[in-house]
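K.L.:
Provided herewith is a single structure, encoded as structure tokens, for subsequent inquiry.
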Amino acid sequence: ETQLRYLVSVGPLQVKLEEYPKNRELHATGKTWKFASKWYDEYPYLEYSVKRDSAFCFTCRLFPDGPGSEKHTDAWVSNGVANWNKMKSQGIKKKGKLEQHFSSASHKSSADRYLNFKNKKLHVDLMLDSNRMKEDQEQEMILQLNKQVIATLLDSARYLARQGLAFRRNPECEGNFVQLVYLQRRNNQVFNDWFLKMKLEKYQV
């Protein structure tokens, strides 16, 4: 399915050349004797293979099987179509191969499967992007909170140093630094929340 997702994201292989290969037999008859890129505009799922010098159907190639595709042929899926003189018309009041295929029930069913798959992929991608964005926002909030806490702790340490006060007077009691932190917590809700929230416990120093 990974490869299928990639092919869907890339879209139809619509090669545009200044000059397409010439079918000499058709050229001799004076009829349409090569592929025409203008057909892409009318049939957006049309593909062209330079290697095979043949046309294919993008959706039928990727989603050939399923309800409604019982009558599909391999021509547009794997073999390729190269009857350039019959692409737009096969005679008076007779549809050309392009119109015949792209208006067929088998093609429409494959196009439906393609669109359903594409919409499902888009929905999944949006969910992943949304979750990723939420995680990034949470990480950014944690980062900013940590910066505020570190700045507060450094300010407390600088204050004690400027006043010439010891950080800890003796092992039996809490020192000046701890007492100062307690004071900061009472007056700074953000600072206090940092100590209380278990979710941020791993970030505490």
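Going by the structure tokens order, chains are called A, B, ..., each with residues numbered from 1, while ligands are numbered from 1 in the order shown.
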Could you pull out the residues in range 18-81 of chain A that DSSP calls strand (DSSP E) from the backbone, as a list of chain:residue names?

P.N.:
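Strand (DSSP E) assignments inside range 18-81 of chain A correspond to A:Leu46, A:Glu47, A:Tyr48, A:Ser49, A:Ser54, A:Ala55, A:Phe56, A:Cys57.
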
K.L.:
Keeping only C-alpha atoms, write the selected residues as a PDB file, in the first residue's frame.

P.N.:
```
ATOM      1  CA  LEU A  46      -4.823   9.752 -19.504  1.00  0.00           C
ATOM      2  CA  GLU A  47      -1.167   8.677 -19.359  1.00  0.00           C
ATOM      3  CA  TYR A  48       1.544   8.225 -21.955  1.00  0.00           C
ATOM      4  CA  SER A  49       4.525   5.872 -21.825  1.00  0.00           C
ATOM      5  CA  SER A  54       1.320   3.803 -25.812  1.00  0.00           C
ATOM      6  CA  ALA A  55      -1.477   5.376 -23.820  1.00  0.00           C
ATOM      7  CA  PHE A  56      -2.757   4.096 -20.479  1.00  0.00           C
ATOM      8  CA  CYS A  57      -5.421   4.991 -17.940  1.00  0.00           C
TER       9      CYS A  57
END
```

K.L.:
Skipping near chain neighbours, those fewer than 5 positions away, what residues fall within 7 Å of range 149-157 of chain A using only C-alpha atoms, listed as a PDB file with N, CA and C atoms, in the first residue's frame?

P.N.:
```pdb
ATOM      1  N   PHE A 177      18.381  29.111  49.806  1.00  0.00           N
ATOM      2  CA  PHE A 177      17.945  28.920  48.416  1.00  0.00           C
ATOM      3  C   PHE A 177      16.574  28.247  48.364  1.00  0.00           C
ATOM      4  N   LEU A 180      13.907  30.595  49.518  1.00  0.00           N
ATOM      5  CA  LEU A 180      13.644  31.606  48.496  1.00  0.00           C
ATOM      6  C   LEU A 180      12.792  31.028  47.364  1.00  0.00           C
ATOM      7  N   PHE A 191       5.478  29.328  38.101  1.00  0.00           N
ATOM      8  CA  PHE A 191       6.604  28.669  38.754  1.00  0.00           C
ATOM      9  C   PHE A 191       6.114  27.547  39.667  1.00  0.00           C
TER      10      PHE A 191
END
```

K.L.:
Could you please write out, as a ChimeraX atom specification, every residue of range 9-128 of chain A that DSSP assigns to alpha helix (DSSP H)?

P.N.:
/A:9-10,24-29,39-42,58-62,97-102,105-128

K.L.:
Next, dump the selected residues to file, keeping only C-alpha atoms, as a short mmCIF file (atom, residue, chain, number, x, y, z; two decimals), in the first residue's frame.

P.N.:
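Full text of again_35.cif as output:
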```
data_model
loop_
_atom_site.label_atom_id
_atom_site.label_comp_id
_atom_site.auth_asym_id
_atom_site.auth_seq_id
_atom_site.Cartn_x
_atom_site.Cartn_y
_atom_site.Cartn_z
CA SER A 9 0.45 11.32 -4.63
CA VAL A 10 2.49 11.63 -7.85
CA ARG A 24 5.00 5.22 -40.08
CA GLU A 25 2.14 3.00 -41.22
CA LEU A 26 -0.48 5.47 -40.00
CA HIS A 27 1.52 8.40 -41.33
CA ALA A 28 1.38 6.90 -44.80
CA THR A 29 -2.42 6.87 -44.67
CA TRP A 39 -5.69 14.95 -25.09
CA TYR A 40 -4.54 15.36 -21.47
CA ASP A 41 -6.75 18.44 -21.12
CA GLU A 42 -9.86 16.54 -22.11
CA PHE A 58 -4.06 6.14 -14.57
CA THR A 59 -6.99 5.06 -12.39
CA CYS A 60 -7.58 1.76 -14.19
CA ARG A 61 -3.89 0.95 -13.93
CA LEU A 62 -3.84 1.52 -10.15
CA LYS A 97 -11.14 4.92 -28.08
CA LEU A 98 -10.55 7.76 -25.63
CA GLU A 99 -14.20 8.67 -25.20
CA GLN A 100 -15.21 5.04 -25.31
CA HIS A 101 -12.94 4.15 -22.42
CA PHE A 102 -13.24 7.22 -20.21
CA ALA A 105 -18.58 1.90 -16.44
CA SER A 106 -15.30 0.10 -15.72
CA HIS A 107 -13.32 3.35 -15.86
CA LYS A 108 -15.84 5.23 -13.73
CA SER A 109 -15.70 2.53 -11.07
CA SER A 110 -11.89 2.65 -10.99
CA ALA A 111 -12.03 6.45 -10.78
CA ASP A 112 -14.39 6.15 -7.80
CA ARG A 113 -11.99 3.77 -6.07
CA TYR A 114 -9.13 6.16 -6.76
CA LEU A 115 -11.00 9.15 -5.31
CA ASN A 116 -12.09 7.17 -2.25
CA PHE A 117 -8.52 6.06 -1.65
CA LYS A 118 -7.20 9.59 -2.16
CA ASN A 119 -9.75 11.12 0.21
CA LYS A 120 -9.01 8.46 2.81
CA LYS A 121 -5.29 9.17 2.50
CA LEU A 122 -5.92 12.91 2.80
CA HIS A 123 -8.00 12.37 5.93
CA VAL A 124 -5.27 10.23 7.50
CA ASP A 125 -2.58 12.76 6.57
CA LEU A 126 -4.62 15.59 8.06
CA MET A 127 -5.07 13.64 11.28
CA LEU A 128 -1.34 12.93 11.45
#
```

K.L.:
For Gly96 in chain A, which residue among A:Thr73, A:Asn83, A:Asn23, A:Gln139 is the nearest when counting only C-alpha atoms?

P.N.:
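Counting only C-alpha atoms, the residue closest to Gly96 in chain A is A:Asn83.
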
K.L.:
I'd like the interatomic distance between CA of Val8 in chain A and CA of Phe63 in chain A, to a tenth of an Å.

P.N.:
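Atom-to-atom, CA of Val8 in chain A and CA of Phe63 in chain A are spaced 10.5 Å apart.
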
K.L.:
For Val178 in chain A, find every residue with an atom within 12 Å (counting only C-alpha atoms), except residues of its own chain fewer than 3 positions away, and show them as a VMD selection string.

P.N.:
chain A and resid 153 156 to 157 160 166 to 169 173 to 175 181 to 185

K.L.:
So the first atom is CA of Pro12 in chain A and the second is CA of Tyr45 in chain A; what is the distance between them in Å, to one decimal place?

P.N.:
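CA of Tyr45 in chain A lies 6.1 Å from CA of Pro12 in chain A.
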